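This report concerns only the one structure given below.
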Amino acid sequence: MGLIARSIVSRTGPGLALQEMMYGFIMALLFITATRFGILNINSAMDIIILMVGMDFTWGVIDCILFYTIDVLEQRRMLNYMRSDLPTDAKAELMSDDFDCTPLDLVSPDQRLEACKRIALLNMESEEQLKEDRKRMASSAFFCFIATVLPLVPTVLPLLLIDDIDDALFVASSLSAITMFFVGWKMGKHIGMKGWQLGLTIASLAWAITLIATFTGG
């Protein structure tokens, strides 16, 4: 599982991988907590498994398709203004907005705009290189899907292995919390936080969202 997690991070980046794994956990845990609190009247472990697997797989596929589609459309949009006859300053202004949530967001506005002006004067990639970029986008989108369905392992296994449904739901909840903590622990070095701090943050945030969503119709 550690090897799979490293493969996901290498293709999606740590932030997106963490986001998709949290989605997967929250969506699966919604059915577990709703059943434990009596909001869902389900007596069969297989019924809960079908709901969890259906939810995570469905939204994993939706994310995969939308991420790739939006990435390709964004590439087309940026190519449109980069290849246009607009002045360099105008291209730099448009480009500056596309660097939100990147390292350029951390420098002063003047330096950011200057960097964008320099980029606007550089040679564009060839069509072959642009195709390779789209292949990487497809790979990233696919691994976002994997990140979304991976949380099914600690949530589904207890329901398959433990006969008593109440015990199985408790173990699934506990195992999910432990798994989320260790996911955060491993991601800490990528995010720039201490492992135990990010682990507690991720586990607490995911459970808080799950509980809120459970009682608000999530």
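Order determines the names: the first chain of the structure tokens is A, the second B, and so forth; residues in each chain are numbered 1 upward, and ligands are numbered 1 upward as they are shown.
Omitting Asp47 (chain A) and its sequence neighbours fewer than 6 positions away, and counting only C-alpha atoms, the residues within 12 Å are Phe31, Ile32, Thr35, Leu40, Asn41, Val53, Gly54, Val156, Leu159, Leu160 and Ile165 of chain A.
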Please, could you write that set of residues out with C-alpha atoms as a PDB file, in the first residue's frame?
```pdb
ATOM      1  CA  PHE A  31     -22.429   5.271   5.335  1.00  0.00           C
ATOM      2  CA  ILE A  32     -20.634   3.772   8.336  1.00  0.00           C
ATOM      3  CA  THR A  35     -25.582   3.245  10.070  1.00  0.00           C
ATOM      4  CA  LEU A  40     -29.612   4.398   7.817  1.00  0.00           C
ATOM      5  CA  ASN A  41     -31.481   1.231   8.720  1.00  0.00           C
ATOM      6  CA  VAL A  53     -17.855   0.974  -3.155  1.00  0.00           C
ATOM      7  CA  GLY A  54     -20.483   2.515  -5.406  1.00  0.00           C
ATOM      8  CA  VAL A 156     -14.451  -2.623   3.579  1.00  0.00           C
ATOM      9  CA  LEU A 159     -17.077  -5.660   7.112  1.00  0.00           C
ATOM     10  CA  LEU A 160     -15.944  -8.683   5.116  1.00  0.00           C
ATOM     11  CA  ILE A 165     -22.007  -5.898  12.046  1.00  0.00           C
TER      12      ILE A 165
END
```
task = Could you give me, as a list in words, the residues within 8 Å of Trp196 (chain A), counting only C-alpha atoms and dropping anything in the same chain fewer than 4 positions from it?
result = Phe181, Gly184, Trp185, Gly188 and Leu200 of chain A
request  = With a distance cut-off of 8 Å and only C-alpha atoms, select the neighbouring residues of Met27 (chain A), excluding the residue or stretch itself and same-chain residues fewer than 5 positions from it, and output the selection as a PyMOL selection string.
outcome  = chain A and resi 52+55-56+210
Can I get the selected residues back with all heavy atoms, as a CSV table (one decimal), in the first residue's frame?
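Result saved to result-v4.csv:
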```csv
chain,number,residue,atom,x,y,z
A,52,MET,N,-20.7,1.9,-0.2
A,52,MET,CA,-19.4,2.6,-0.1
A,52,MET,C,-18.6,2.4,-1.4
A,52,MET,O,-18.0,3.4,-1.9
A,52,MET,CB,-18.6,2.0,1.1
A,52,MET,CG,-19.1,2.4,2.4
A,52,MET,SD,-18.0,1.9,3.8
A,52,MET,CE,-17.8,0.2,3.6
A,55,MET,N,-20.2,4.6,-4.1
A,55,MET,CA,-19.9,6.0,-4.0
A,55,MET,C,-18.5,6.3,-4.3
A,55,MET,O,-18.3,7.2,-5.1
A,55,MET,CB,-20.2,6.4,-2.5
A,55,MET,CG,-19.8,7.8,-2.2
A,55,MET,SD,-21.0,9.0,-2.8
A,55,MET,CE,-22.2,9.1,-1.5
A,56,ASP,N,-17.5,5.6,-3.8
A,56,ASP,CA,-16.1,5.9,-4.1
A,56,ASP,C,-15.8,5.7,-5.5
A,56,ASP,O,-15.1,6.5,-6.1
A,56,ASP,CB,-15.2,5.1,-3.2
A,56,ASP,CG,-15.0,5.7,-1.8
A,56,ASP,OD1,-15.9,6.6,-1.4
A,56,ASP,OD2,-14.1,5.4,-1.0
A,210,THR,N,-17.1,14.3,8.2
A,210,THR,CA,-18.0,13.2,8.1
A,210,THR,C,-19.2,13.3,9.0
A,210,THR,O,-20.3,13.0,8.6
A,210,THR,CB,-17.2,11.9,8.4
A,210,THR,OG1,-16.1,11.7,7.5
A,210,THR,CG2,-18.1,10.7,8.4
```
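For the pair CA of Leu175 (chain A) and CA of Ser139 (chain A), the interatomic distance is 29.1 Å.
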ask   = Leaving out Thr33 (chain A) and any residue of its chain fewer than 3 positions from it, which residues lie within 9 Å of it when counting only C-alpha atoms, given as a ChimeraX atom specification?
value = /A:29-30,36-40,169,173,210-211,214
Those same residues - C-alpha atoms - I'd like them written as a PDB file, in the first residue's frame.
```pdb
ATOM      1  CA  LEU A  29     -17.392   6.769   6.320  1.00  0.00           C
ATOM      2  CA  LEU A  30     -20.655   8.626   5.683  1.00  0.00           C
ATOM      3  CA  ARG A  36     -23.984   3.437  13.517  1.00  0.00           C
ATOM      4  CA  PHE A  37     -26.196   6.397  14.483  1.00  0.00           C
ATOM      5  CA  GLY A  38     -29.323   4.717  13.131  1.00  0.00           C
ATOM      6  CA  ILE A  39     -29.875   7.239  10.330  1.00  0.00           C
ATOM      7  CA  LEU A  40     -29.612   4.398   7.817  1.00  0.00           C
ATOM      8  CA  LEU A 169     -18.522  -0.942  11.863  1.00  0.00           C
ATOM      9  CA  SER A 173     -14.223   3.400  11.870  1.00  0.00           C
ATOM     10  CA  THR A 210     -17.981  13.167   8.083  1.00  0.00           C
ATOM     11  CA  LEU A 211     -20.032  13.767  11.225  1.00  0.00           C
ATOM     12  CA  THR A 214     -23.901  12.656   8.191  1.00  0.00           C
TER      13      THR A 214
END
```
message = I want to know what sits within 10 Å of Thr69 (chain A), based on only C-alpha atoms, with residues of the same chain fewer than 5 positions away left out; could you give that as a list in words?
response = Asp63, Cys64, Glu74, Gln75, Arg134, Met137, Ala138 and Ala141 of chain A
Output of the above residues as a CSV table (one decimal), in the first residue's frame, restricted to C-alpha atoms:
```
chain,number,residue,atom,x,y,z
A,63,ASP,CA,-13.1,13.2,-10.7
A,64,CYS,CA,-10.9,11.3,-13.2
A,74,GLU,CA,-6.9,24.9,-19.5
A,75,GLN,CA,-3.9,23.9,-21.6
A,134,ARG,CA,-1.7,15.5,-22.0
A,137,MET,CA,-2.5,14.8,-17.3
A,138,ALA,CA,-4.3,11.5,-18.1
A,141,ALA,CA,-6.3,12.0,-13.4
```
message = Excluding Ala203 (chain A) and its own-chain neighbours fewer than 4 positions away, which residues fall within 7 Å of it when counting only C-alpha atoms? Please give them as number ranges by chain.
response = A: 177, 180-181, 199, 207
message = List as a PyMOL selection string the protein and nucleic acid residues near region 90-102 of chain A, meaning an atom at most 6 Å away when only C-alpha atoms are counted, but skip any in the same chain fewer than 2 places from it.
response = chain A and resi 87-88+104-105+116-117
ask   = In region 33-99 of chain A, what's helix (DSSP H, G or I) per DSSP? Answer as a ChimeraX atom specification?
value = /A:33-36,45-82,88-97
key: Point-to-point distance in Å for CA of Glu20 (chain A) and CA of Met78 (chain A)   = 25.7 Å
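CA of Ile202 (chain A) is positioned 22.9 Å from CA of Phe67 (chain A).
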